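Chemist: Handing you this structure, nothing more for now.
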Amino acid sequence: MKKILIAIDGYSSCGKSTMAKTLAKQIGYTYIDSGAMYRAATLFCLQNNLFAGGELNGEALKKRLPDLHISFEENRETGLSETFLNGENVERRIRSMEIAAKVSPVAAVGFVREEMVKQQQAMGLGKGIVMDGRDIGTVVFPDAELKIFVTASPEIRAQRRLAELTAKGEKTTFEEVLHNLTERDYIDSTRKDGPLRQAEDAVVLDNSDLTIAEQNQYLLKLFKERI
Ligand code: CDP
């Protein structure tokens with residue numbers, strides 16, 4: 001059967017990765033979490049002291065960029081893909097609030113985006129990919145056969161992310177999470193390169209009142225229509 005590209009974009013913490021992961025598994029496609037790449041790049045900046053003085057040192061980052069290697073590997077026990085930064089498994093670390101607080105300024109840097117987009121496009125060459133992010137349907141795969149733009153109310157998104165972080169043992173509050181995702185949405189939507197916006201041919205999905213099972217049924221229906 002012919003394989004297609006599926007692009008899932010949308011606001012922070014609206015469950016894009018859950019839906020993309022589930023869909024990919026059901027249809028035998030590869031799931032790629034583009035946000036994990038920006039999160040890993042942010043960890044790289046922290047590890048290399050590139051936030052000294054509070055601001056990202058863009059010049060220094062540009063020089064160090066050739067030393068930034070991000071890859072994904074499947075965890076044999078869970079069957080889930082995990083993120084590696086220069087050979088080290090950073091999957092857990094990149095999901096922290098510390099990274100969430102710094103990722104959007106890193107993701108707004110033009111040369112960082114250029115490099116990430118290049119790698120993401122290479123991953124899509126054979127099709128059969130479900131990729132989620134902010135600019136997948138607009139910049140990375142503008143010709144994707146199925147594009148979905150996901151949204152949900154900020155309060156619901158903050159509640160979902162808080163539950164996820166708390167389950168992992170991270171100490172944070174509803175207010176802190178809500179503030180972080182509102183700020184990221186603002187920076188992501190207003191940046192010059194690859195801003196978060198809905199592709200004209202994307203299907204909009206507000207999942208505020210949908211269960212994961214309902215949302216998945218809907219996505220499967222869209223996929224079958226496209227294929
Ligand atoms: O899961 P969550 O919605 O918190 O975010 P994520 O998908 O892990 O992405 C983290 C951050 O990476 C976003 O807030 C964006 O700043 C950036 N990002 C991006 O700029 N472009 C993408 N394609 C994916 C993520």
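Ordering of the structure tokens sets the chain letters (A, B, ...), residue numbers begin anew at 1 in every chain, and ligands are numbered from 1 in the order given.
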Which chains and residue numbers are within 6 Å of ligand 1, counting only C-alpha atoms and all ligand atoms, if I want them as JSON, numbers by chain?
Modeler: {"A": [12, 13, 34, 35, 36, 38, 39, 103, 104, 107, 133, 134, 135, 136, 184, 188]}
Chemist: Would you save the residues from that selection as an mmCIF file, in the first residue's frame, using N, CA, C and O atoms?
Modeler:
```cif
data_model
loop_
_atom_site.group_PDB
_atom_site.id
_atom_site.type_symbol
_atom_site.label_atom_id
_atom_site.label_comp_id
_atom_site.auth_asym_id
_atom_site.auth_seq_id
_atom_site.Cartn_x
_atom_site.Cartn_y
_atom_site.Cartn_z
ATOM 1 N N SER A 12 1.269 24.004 22.531
ATOM 2 C CA SER A 12 1.990 23.225 23.531
ATOM 3 C C SER A 12 1.040 22.365 24.355
ATOM 4 O O SER A 12 -0.042 22.821 24.733
ATOM 5 N N SER A 13 1.483 21.167 24.631
ATOM 6 C CA SER A 13 0.791 20.264 25.561
ATOM 7 C C SER A 13 -0.653 19.964 25.193
ATOM 8 O O SER A 13 -1.489 19.828 26.077
ATOM 9 N N SER A 34 9.366 15.894 16.728
ATOM 10 C CA SER A 34 10.312 16.957 16.365
ATOM 11 C C SER A 34 10.616 17.855 17.556
ATOM 12 O O SER A 34 11.697 18.421 17.663
ATOM 13 N N GLY A 35 9.664 17.971 18.486
ATOM 14 C CA GLY A 35 9.881 18.799 19.684
ATOM 15 C C GLY A 35 11.032 18.251 20.517
ATOM 16 O O GLY A 35 11.776 19.020 21.142
ATOM 17 N N ALA A 36 11.199 16.919 20.514
ATOM 18 C CA ALA A 36 12.280 16.304 21.287
ATOM 19 C C ALA A 36 13.630 16.791 20.767
ATOM 20 O O ALA A 36 14.593 16.930 21.528
ATOM 21 N N TYR A 38 14.277 19.828 19.478
ATOM 22 C CA TYR A 38 14.511 21.180 20.009
ATOM 23 C C TYR A 38 14.802 21.124 21.512
ATOM 24 O O TYR A 38 15.601 21.896 22.029
ATOM 25 N N ARG A 39 14.149 20.171 22.183
ATOM 26 C CA ARG A 39 14.421 20.023 23.621
ATOM 27 C C ARG A 39 15.863 19.527 23.834
ATOM 28 O O ARG A 39 16.570 19.997 24.732
ATOM 29 N N VAL A 103 13.293 26.165 26.055
ATOM 30 C CA VAL A 103 13.300 25.613 24.691
ATOM 31 C C VAL A 103 12.838 26.600 23.617
ATOM 32 O O VAL A 103 13.415 26.642 22.520
ATOM 33 N N SER A 104 11.844 27.434 23.900
ATOM 34 C CA SER A 104 11.313 28.266 22.815
ATOM 35 C C SER A 104 12.324 29.274 22.269
ATOM 36 O O SER A 104 12.393 29.460 21.048
ATOM 37 N N ALA A 107 14.510 27.327 19.983
ATOM 38 C CA ALA A 107 13.790 26.929 18.760
ATOM 39 C C ALA A 107 13.482 28.116 17.853
ATOM 40 O O ALA A 107 13.062 27.931 16.717
ATOM 41 N N GLY A 133 4.772 18.535 15.719
ATOM 42 C CA GLY A 133 5.575 19.716 16.023
ATOM 43 C C GLY A 133 4.792 20.998 15.857
ATOM 44 O O GLY A 133 3.617 21.092 16.236
ATOM 45 N N ARG A 134 5.457 22.003 15.283
ATOM 46 C CA ARG A 134 4.817 23.315 15.127
ATOM 47 C C ARG A 134 4.771 23.756 13.654
ATOM 48 O O ARG A 134 3.913 24.506 13.245
ATOM 49 N N ASP A 135 5.779 23.277 12.899
ATOM 50 C CA ASP A 135 5.950 23.742 11.509
ATOM 51 C C ASP A 135 6.003 22.573 10.542
ATOM 52 O O ASP A 135 6.579 22.672 9.474
ATOM 53 N N ILE A 136 5.449 21.435 10.939
ATOM 54 C CA ILE A 136 5.602 20.231 10.108
ATOM 55 C C ILE A 136 4.782 20.365 8.822
ATOM 56 O O ILE A 136 5.288 20.117 7.733
ATOM 57 N N ARG A 184 5.388 29.832 25.815
ATOM 58 C CA ARG A 184 5.934 29.108 24.658
ATOM 59 C C ARG A 184 5.063 29.322 23.424
ATOM 60 O O ARG A 184 5.563 29.537 22.331
ATOM 61 N N ASP A 188 6.520 30.809 20.102
ATOM 62 C CA ASP A 188 6.453 29.917 18.933
ATOM 63 C C ASP A 188 5.612 30.528 17.805
ATOM 64 O O ASP A 188 5.900 30.320 16.626
#
```
Chemist: Write out as a PDB file with all heavy atoms, in the first residue's frame the residues lying within 10 Å of Met37 of chain A, counting only C-alpha atoms and excluding same-chain residues fewer than 4 positions away.
Modeler:
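Now in out-v9.pdb:
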```
ATOM      1  N   ILE A  32       7.838  10.398  14.747  1.00  0.00           N
ATOM      2  CA  ILE A  32       8.982  11.278  15.054  1.00  0.00           C
ATOM      3  C   ILE A  32       8.513  12.513  15.792  1.00  0.00           C
ATOM      4  O   ILE A  32       7.644  13.262  15.327  1.00  0.00           O
ATOM      5  CB  ILE A  32       9.778  11.640  13.796  1.00  0.00           C
ATOM      6  CG1 ILE A  32      10.384  10.353  13.224  1.00  0.00           C
ATOM      7  CG2 ILE A  32      10.908  12.619  14.129  1.00  0.00           C
ATOM      8  CD1 ILE A  32      10.857  10.481  11.822  1.00  0.00           C
ATOM      9  N   ASP A  33       9.131  12.698  16.968  1.00  0.00           N
ATOM     10  CA  ASP A  33       8.785  13.793  17.866  1.00  0.00           C
ATOM     11  C   ASP A  33       9.767  14.941  17.586  1.00  0.00           C
ATOM     12  O   ASP A  33      10.874  14.963  18.115  1.00  0.00           O
ATOM     13  CB  ASP A  33       8.948  13.254  19.296  1.00  0.00           C
ATOM     14  CG  ASP A  33       8.718  14.289  20.360  1.00  0.00           C
ATOM     15  OD1 ASP A  33       8.536  15.473  20.028  1.00  0.00           O
ATOM     16  OD2 ASP A  33       8.728  13.905  21.554  1.00  0.00           O
ATOM     17  N   ALA A  41      18.371  20.015  21.816  1.00  0.00           N
ATOM     18  CA  ALA A  41      19.270  21.129  21.478  1.00  0.00           C
ATOM     19  C   ALA A  41      19.362  22.092  22.675  1.00  0.00           C
ATOM     20  O   ALA A  41      20.429  22.667  22.949  1.00  0.00           O
ATOM     21  CB  ALA A  41      18.743  21.862  20.248  1.00  0.00           C
ATOM     22  N   THR A  42      18.266  22.237  23.397  1.00  0.00           N
ATOM     23  CA  THR A  42      18.251  23.122  24.579  1.00  0.00           C
ATOM     24  C   THR A  42      19.106  22.540  25.695  1.00  0.00           C
ATOM     25  O   THR A  42      19.867  23.261  26.357  1.00  0.00           O
ATOM     26  CB  THR A  42      16.795  23.311  25.059  1.00  0.00           C
ATOM     27  OG1 THR A  42      16.031  23.755  23.944  1.00  0.00           O
ATOM     28  CG2 THR A  42      16.700  24.304  26.196  1.00  0.00           C
ATOM     29  N   LEU A  43      19.026  21.223  25.873  1.00  0.00           N
ATOM     30  CA  LEU A  43      19.865  20.574  26.885  1.00  0.00           C
ATOM     31  C   LEU A  43      21.342  20.752  26.511  1.00  0.00           C
ATOM     32  O   LEU A  43      22.184  21.015  27.376  1.00  0.00           O
ATOM     33  CB  LEU A  43      19.495  19.080  26.986  1.00  0.00           C
ATOM     34  CG  LEU A  43      20.325  18.235  27.944  1.00  0.00           C
ATOM     35  CD1 LEU A  43      20.292  18.795  29.368  1.00  0.00           C
ATOM     36  CD2 LEU A  43      19.850  16.778  27.936  1.00  0.00           C
ATOM     37  N   HIS A  69      24.582  16.271  18.084  1.00  0.00           N
ATOM     38  CA  HIS A  69      24.083  15.113  17.328  1.00  0.00           C
ATOM     39  C   HIS A  69      22.883  14.518  18.055  1.00  0.00           C
ATOM     40  O   HIS A  69      23.009  14.077  19.201  1.00  0.00           O
ATOM     41  CB  HIS A  69      25.177  14.065  17.164  1.00  0.00           C
ATOM     42  CG  HIS A  69      26.370  14.607  16.437  1.00  0.00           C
ATOM     43  ND1 HIS A  69      26.350  14.880  15.086  1.00  0.00           N
ATOM     44  CD2 HIS A  69      27.599  14.980  16.879  1.00  0.00           C
ATOM     45  CE1 HIS A  69      27.518  15.373  14.727  1.00  0.00           C
ATOM     46  NE2 HIS A  69      28.294  15.446  15.799  1.00  0.00           N
ATOM     47  N   ILE A  70      21.752  14.537  17.389  1.00  0.00           N
ATOM     48  CA  ILE A  70      20.521  14.031  17.995  1.00  0.00           C
ATOM     49  C   ILE A  70      20.060  12.803  17.223  1.00  0.00           C
ATOM     50  O   ILE A  70      20.077  12.795  15.990  1.00  0.00           O
ATOM     51  CB  ILE A  70      19.426  15.116  17.958  1.00  0.00           C
ATOM     52  CG1 ILE A  70      19.897  16.354  18.728  1.00  0.00           C
ATOM     53  CG2 ILE A  70      18.118  14.596  18.542  1.00  0.00           C
ATOM     54  CD1 ILE A  70      19.072  17.586  18.470  1.00  0.00           C
ATOM     55  N   SER A  71      19.666  11.771  17.962  1.00  0.00           N
ATOM     56  CA  SER A  71      19.141  10.577  17.278  1.00  0.00           C
ATOM     57  C   SER A  71      18.027   9.968  18.115  1.00  0.00           C
ATOM     58  O   SER A  71      17.840  10.331  19.284  1.00  0.00           O
ATOM     59  CB  SER A  71      20.267   9.565  17.055  1.00  0.00           C
ATOM     60  OG  SER A  71      20.859   9.247  18.299  1.00  0.00           O
ATOM     61  N   PHE A  72      17.290   9.051  17.501  1.00  0.00           N
ATOM     62  CA  PHE A  72      16.212   8.343  18.208  1.00  0.00           C
ATOM     63  C   PHE A  72      16.506   6.848  18.163  1.00  0.00           C
ATOM     64  O   PHE A  72      16.969   6.335  17.139  1.00  0.00           O
ATOM     65  CB  PHE A  72      14.860   8.605  17.518  1.00  0.00           C
ATOM     66  CG  PHE A  72      14.417  10.038  17.593  1.00  0.00           C
ATOM     67  CD1 PHE A  72      14.500  10.868  16.476  1.00  0.00           C
ATOM     68  CD2 PHE A  72      13.923  10.566  18.768  1.00  0.00           C
ATOM     69  CE1 PHE A  72      14.093  12.192  16.535  1.00  0.00           C
ATOM     70  CE2 PHE A  72      13.512  11.894  18.838  1.00  0.00           C
ATOM     71  CZ  PHE A  72      13.598  12.710  17.724  1.00  0.00           C
ATOM     72  N   THR A  83      15.045   9.632  22.945  1.00  0.00           N
ATOM     73  CA  THR A  83      15.924  10.634  22.348  1.00  0.00           C
ATOM     74  C   THR A  83      17.345  10.520  22.901  1.00  0.00           C
ATOM     75  O   THR A  83      17.534  10.415  24.118  1.00  0.00           O
ATOM     76  CB  THR A  83      15.365  12.040  22.670  1.00  0.00           C
ATOM     77  OG1 THR A  83      13.967  12.009  22.455  1.00  0.00           O
ATOM     78  CG2 THR A  83      16.012  13.117  21.841  1.00  0.00           C
ATOM     79  N   PHE A  84      18.317  10.589  21.996  1.00  0.00           N
ATOM     80  CA  PHE A  84      19.730  10.545  22.393  1.00  0.00           C
ATOM     81  C   PHE A  84      20.418  11.830  21.957  1.00  0.00           C
ATOM     82  O   PHE A  84      20.194  12.317  20.844  1.00  0.00           O
ATOM     83  CB  PHE A  84      20.429   9.340  21.750  1.00  0.00           C
ATOM     84  CG  PHE A  84      20.089   8.039  22.429  1.00  0.00           C
ATOM     85  CD1 PHE A  84      18.830   7.481  22.298  1.00  0.00           C
ATOM     86  CD2 PHE A  84      21.030   7.388  23.226  1.00  0.00           C
ATOM     87  CE1 PHE A  84      18.488   6.296  22.948  1.00  0.00           C
ATOM     88  CE2 PHE A  84      20.714   6.205  23.878  1.00  0.00           C
ATOM     89  CZ  PHE A  84      19.444   5.655  23.739  1.00  0.00           C
ATOM     90  N   LEU A  85      21.235  12.375  22.864  1.00  0.00           N
ATOM     91  CA  LEU A  85      22.028  13.556  22.552  1.00  0.00           C
ATOM     92  C   LEU A  85      23.492  13.159  22.654  1.00  0.00           C
ATOM     93  O   LEU A  85      23.950  12.744  23.736  1.00  0.00           O
ATOM     94  CB  LEU A  85      21.697  14.682  23.554  1.00  0.00           C
ATOM     95  CG  LEU A  85      22.616  15.900  23.564  1.00  0.00           C
ATOM     96  CD1 LEU A  85      22.608  16.618  22.226  1.00  0.00           C
ATOM     97  CD2 LEU A  85      22.215  16.860  24.695  1.00  0.00           C
ATOM     98  N   ILE A  94      14.929  15.705  29.046  1.00  0.00           N
ATOM     99  CA  ILE A  94      14.423  16.767  28.174  1.00  0.00           C
ATOM    100  C   ILE A  94      12.952  17.083  28.412  1.00  0.00           C
ATOM    101  O   ILE A  94      12.430  18.054  27.894  1.00  0.00           O
ATOM    102  CB  ILE A  94      14.640  16.461  26.670  1.00  0.00           C
ATOM    103  CG1 ILE A  94      13.961  15.158  26.256  1.00  0.00           C
ATOM    104  CG2 ILE A  94      16.119  16.448  26.329  1.00  0.00           C
ATOM    105  CD1 ILE A  94      13.899  14.965  24.741  1.00  0.00           C
ATOM    106  N   ALA A 107      14.510  27.327  19.983  1.00  0.00           N
ATOM    107  CA  ALA A 107      13.790  26.929  18.760  1.00  0.00           C
ATOM    108  C   ALA A 107      13.482  28.116  17.853  1.00  0.00           C
ATOM    109  O   ALA A 107      13.062  27.931  16.717  1.00  0.00           O
ATOM    110  CB  ALA A 107      12.498  26.208  19.131  1.00  0.00           C
ATOM    111  N   MET A 116      17.581  21.481  12.024  1.00  0.00           N
ATOM    112  CA  MET A 116      16.585  20.490  12.454  1.00  0.00           C
ATOM    113  C   MET A 116      15.664  20.127  11.292  1.00  0.00           C
ATOM    114  O   MET A 116      15.356  18.965  11.069  1.00  0.00           O
ATOM    115  CB  MET A 116      15.729  21.032  13.613  1.00  0.00           C
ATOM    116  CG  MET A 116      16.502  21.352  14.861  1.00  0.00           C
ATOM    117  SD  MET A 116      17.258  19.894  15.589  1.00  0.00           S
ATOM    118  CE  MET A 116      18.861  20.479  15.958  1.00  0.00           C
ATOM    119  N   GLN A 119      17.287  17.723   8.900  1.00  0.00           N
ATOM    120  CA  GLN A 119      17.305  16.342   9.410  1.00  0.00           C
ATOM    121  C   GLN A 119      15.909  15.719   9.353  1.00  0.00           C
ATOM    122  O   GLN A 119      15.745  14.546   9.023  1.00  0.00           O
ATOM    123  CB  GLN A 119      17.832  16.315  10.843  1.00  0.00           C
ATOM    124  CG  GLN A 119      19.284  16.722  10.921  1.00  0.00           C
ATOM    125  CD  GLN A 119      19.871  16.588  12.323  1.00  0.00           C
ATOM    126  OE1 GLN A 119      19.341  15.908  13.175  1.00  0.00           O
ATOM    127  NE2 GLN A 119      20.978  17.265  12.552  1.00  0.00           N
ATOM    128  N   GLN A 120      14.886  16.528   9.678  1.00  0.00           N
ATOM    129  CA  GLN A 120      13.511  15.992   9.669  1.00  0.00           C
ATOM    130  C   GLN A 120      13.080  15.635   8.248  1.00  0.00           C
ATOM    131  O   GLN A 120      12.441  14.605   8.016  1.00  0.00           O
ATOM    132  CB  GLN A 120      12.552  17.036  10.282  1.00  0.00           C
ATOM    133  CG  GLN A 120      12.769  17.201  11.783  1.00  0.00           C
ATOM    134  CD  GLN A 120      12.396  18.568  12.306  1.00  0.00           C
ATOM    135  OE1 GLN A 120      11.850  19.411  11.581  1.00  0.00           O
ATOM    136  NE2 GLN A 120      12.664  18.805  13.584  1.00  0.00           N
TER     137      GLN A 120
END
```
Chemist: I want to know what sits within 12 Å of Ile187 of chain A, based on only C-alpha atoms, with residues of the same chain fewer than 6 positions away left out; could you give that as a list in words?
Modeler: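 These residues fall inside the cut-off: Tyr11, Ser12, Ala101, Lys102, Val103, Ser104, Pro105, Val106, Ala107, Ala108, Val109, Arg134, Asn180, Leu181, Asp193, Gly194, Pro195, Leu196 and Arg197 of chain A.
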Chemist: Next, dump the selected residues to file, keeping only C-alpha atoms, as a compact mmCIF listing (two decimals), in the first residue's frame.
Modeler:
```
# COMPACT_ATOMS: atom_id res chain seq x y z
CA TYR A 11 -0.14 24.36 20.59
CA SER A 12 1.99 23.23 23.53
CA ALA A 101 11.39 27.03 30.31
CA LYS A 102 14.27 27.51 27.84
CA VAL A 103 13.30 25.61 24.69
CA SER A 104 11.31 28.27 22.82
CA PRO A 105 14.16 30.82 22.57
CA VAL A 106 16.45 28.05 21.25
CA ALA A 107 13.79 26.93 18.76
CA ALA A 108 13.43 30.52 17.52
CA VAL A 109 17.05 30.66 16.29
CA ARG A 134 4.82 23.31 15.13
CA ASN A 180 5.11 28.15 30.63
CA LEU A 181 2.79 26.93 27.92
CA ASP A 193 11.32 31.36 11.12
CA GLY A 194 8.84 28.48 11.03
CA PRO A 195 6.23 30.07 13.30
CA LEU A 196 3.44 27.94 14.73
CA ARG A 197 0.49 28.40 12.42
```
Chemist: Excluding same-chain residues fewer than 6 positions from Asn216 of chain A, what lies within 10 Å of it counting only C-alpha atoms, as a PyMOL selection string?
Modeler: chain A and resi 18-20+22-23+26+210+222
Chemist: Can you spit out the residues from that selection as a compact mmCIF listing (two decimals), in the first residue's frame, using N, CA, C and O atoms?
Modeler:
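File selection36.txt, as written:
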```txt
# COMPACT_ATOMS: atom_id res chain seq x y z
N THR A 18 0.83 12.07 22.05
CA THR A 18 0.04 10.87 22.37
C THR A 18 -0.71 10.43 21.12
O THR A 18 -0.71 9.25 20.76
N MET A 19 -1.34 11.39 20.44
CA MET A 19 -2.12 11.00 19.28
C MET A 19 -1.23 10.51 18.13
O MET A 19 -1.55 9.54 17.45
N ALA A 20 -0.09 11.16 17.96
CA ALA A 20 0.81 10.78 16.86
C ALA A 20 1.40 9.39 17.11
O ALA A 20 1.47 8.57 16.20
N THR A 22 0.15 6.93 19.01
CA THR A 22 -0.88 5.89 18.92
C THR A 22 -1.22 5.61 17.46
O THR A 22 -1.31 4.46 17.04
N LEU A 23 -1.40 6.69 16.70
CA LEU A 23 -1.75 6.52 15.28
C LEU A 23 -0.63 5.76 14.55
O LEU A 23 -0.90 4.81 13.81
N GLN A 26 -0.70 2.08 15.27
CA GLN A 26 -1.83 1.37 14.65
C GLN A 26 -1.65 1.15 13.15
O GLN A 26 -2.12 0.16 12.62
N LEU A 210 -12.48 15.57 23.99
CA LEU A 210 -12.39 14.22 23.41
C LEU A 210 -11.54 13.32 24.29
O LEU A 210 -10.53 13.75 24.85
N LEU A 222 -9.65 9.72 9.22
CA LEU A 222 -8.99 10.66 8.30
C LEU A 222 -7.92 9.95 7.48
O LEU A 222 -7.79 10.14 6.28
```
Chemist: Where does DSSP see strand (DSSP E) in segment 186-219 of chain A, if you list the residues as an MDAnalysis selection string?
Modeler: chainID A and resid 203:206
Chemist: Mind writing the picked residues with all heavy atoms as a PDB file, in the first residue's frame?
Modeler:
```pdb
ATOM      1  N   VAL A 203      -6.570  19.914   8.747  1.00  0.00           N
ATOM      2  CA  VAL A 203      -7.855  19.669   9.411  1.00  0.00           C
ATOM      3  C   VAL A 203      -7.675  20.120  10.864  1.00  0.00           C
ATOM      4  O   VAL A 203      -6.712  19.725  11.514  1.00  0.00           O
ATOM      5  CB  VAL A 203      -8.165  18.144   9.405  1.00  0.00           C
ATOM      6  CG1 VAL A 203      -9.458  17.846  10.150  1.00  0.00           C
ATOM      7  CG2 VAL A 203      -8.205  17.614   7.982  1.00  0.00           C
ATOM      8  N   VAL A 204      -8.582  20.963  11.367  1.00  0.00           N
ATOM      9  CA  VAL A 204      -8.443  21.450  12.742  1.00  0.00           C
ATOM     10  C   VAL A 204      -9.147  20.495  13.697  1.00  0.00           C
ATOM     11  O   VAL A 204     -10.278  20.085  13.455  1.00  0.00           O
ATOM     12  CB  VAL A 204      -9.039  22.867  12.889  1.00  0.00           C
ATOM     13  CG1 VAL A 204      -8.917  23.362  14.330  1.00  0.00           C
ATOM     14  CG2 VAL A 204      -8.337  23.825  11.950  1.00  0.00           C
ATOM     15  N   LEU A 205      -8.430  20.166  14.772  1.00  0.00           N
ATOM     16  CA  LEU A 205      -8.998  19.253  15.759  1.00  0.00           C
ATOM     17  C   LEU A 205      -8.896  19.886  17.152  1.00  0.00           C
ATOM     18  O   LEU A 205      -7.797  20.040  17.676  1.00  0.00           O
ATOM     19  CB  LEU A 205      -8.244  17.911  15.705  1.00  0.00           C
ATOM     20  CG  LEU A 205      -8.527  16.894  16.803  1.00  0.00           C
ATOM     21  CD1 LEU A 205      -9.995  16.480  16.811  1.00  0.00           C
ATOM     22  CD2 LEU A 205      -7.663  15.661  16.614  1.00  0.00           C
ATOM     23  N   ASP A 206     -10.028  20.273  17.723  1.00  0.00           N
ATOM     24  CA  ASP A 206     -10.047  20.766  19.108  1.00  0.00           C
ATOM     25  C   ASP A 206     -10.381  19.561  19.975  1.00  0.00           C
ATOM     26  O   ASP A 206     -11.495  19.035  19.910  1.00  0.00           O
ATOM     27  CB  ASP A 206     -11.105  21.867  19.270  1.00  0.00           C
ATOM     28  CG  ASP A 206     -11.104  22.434  20.693  1.00  0.00           C
ATOM     29  OD1 ASP A 206     -10.684  21.714  21.628  1.00  0.00           O
ATOM     30  OD2 ASP A 206     -11.514  23.596  20.866  1.00  0.00           O
TER      31      ASP A 206
END
```
Chemist: Just how far from atom CA of Gly137 of chain A is atom CA of Lys2 of chain A, in Å to one decimal?
Modeler: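 About the pair atom CA of Lys2 of chain A and atom CA of Gly137 of chain A: they are 19.5 Å apart.
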Chemist: Please provide as an NGL selection string all residues within 12 Å of segment 57-63 of chain A, with the sequence filter that same-chain residues fewer than 3 positions apart are discarded (counting only C-alpha atoms).
Modeler: :A and (41-54 or 66-68 or 105-115)
Chemist: Using the selection just defined, write its residues with C-alpha atoms as a compact mmCIF listing (two decimals), in the first residue's frame.
Modeler:
```txt
# COMPACT_ATOMS: atom_id res chain seq x y z
CA ALA A 41 19.27 21.13 21.48
CA THR A 42 18.25 23.12 24.58
CA LEU A 43 19.87 20.57 26.89
CA PHE A 44 23.01 20.85 24.75
CA CYS A 45 23.00 24.63 25.36
CA LEU A 46 22.64 24.09 29.11
CA GLN A 47 25.41 21.48 29.18
CA ASN A 48 27.71 23.88 27.34
CA ASN A 49 26.93 26.90 29.48
CA LEU A 50 25.37 28.78 26.59
CA PHE A 51 22.78 30.46 28.82
CA ALA A 52 25.39 32.22 30.96
CA GLY A 53 23.87 35.49 32.18
CA GLY A 54 20.33 34.24 31.44
CA PRO A 66 28.61 20.77 14.49
CA ASP A 67 29.00 19.02 17.89
CA LEU A 68 25.23 18.61 18.34
CA PRO A 105 14.16 30.82 22.57
CA VAL A 106 16.45 28.05 21.25
CA ALA A 107 13.79 26.93 18.76
CA ALA A 108 13.43 30.52 17.52
CA VAL A 109 17.05 30.66 16.29
CA GLY A 110 17.09 30.51 12.48
CA PHE A 111 20.22 28.38 12.04
CA VAL A 112 18.99 25.87 14.66
CA ARG A 113 15.69 25.48 12.77
CA GLU A 114 17.48 25.17 9.46
CA GLU A 115 19.53 22.24 10.76
```
Chemist: Calculated over only C-alpha atoms, which of the candidates A:Val150, A:Ile212, A:Leu220, A:Ile227 has the smallest distance to Met1 of chain A?
Modeler: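 Distance minimum relative to Met1 of chain A lands on A:Ile227.
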Chemist: Quick check, in Å to one decimal: how far apart do atom CA of Glu164 of chain A and atom CA of Ser189 of chain A lie?
Modeler: 24.0 Å
Chemist: Check the smallest atom-to-atom distance from each of A:Leu178, A:Leu146, A:Ile99, A:Ala40 to Glu225 of chain A using only C-alpha atoms, then report the winner.
Modeler: A:Leu146
Chemist: Can you measure atom CA of Thr182 of chain A to atom CA of Ala158 of chain A for me? One decimal in Å is fine.
Modeler: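 Spanning atom CA of Thr182 of chain A to atom CA of Ala158 of chain A is a straight-line distance of 9.2 Å.
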Chemist: For Ile156 of chain A, which residue out of A:Thr30, A:Ser96, A:Asn89, A:Asn207 is the nearest one, using only C-alpha atoms?
Modeler: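 Using only C-alpha atoms, Ile156 of chain A sits closest to A:Asn207.
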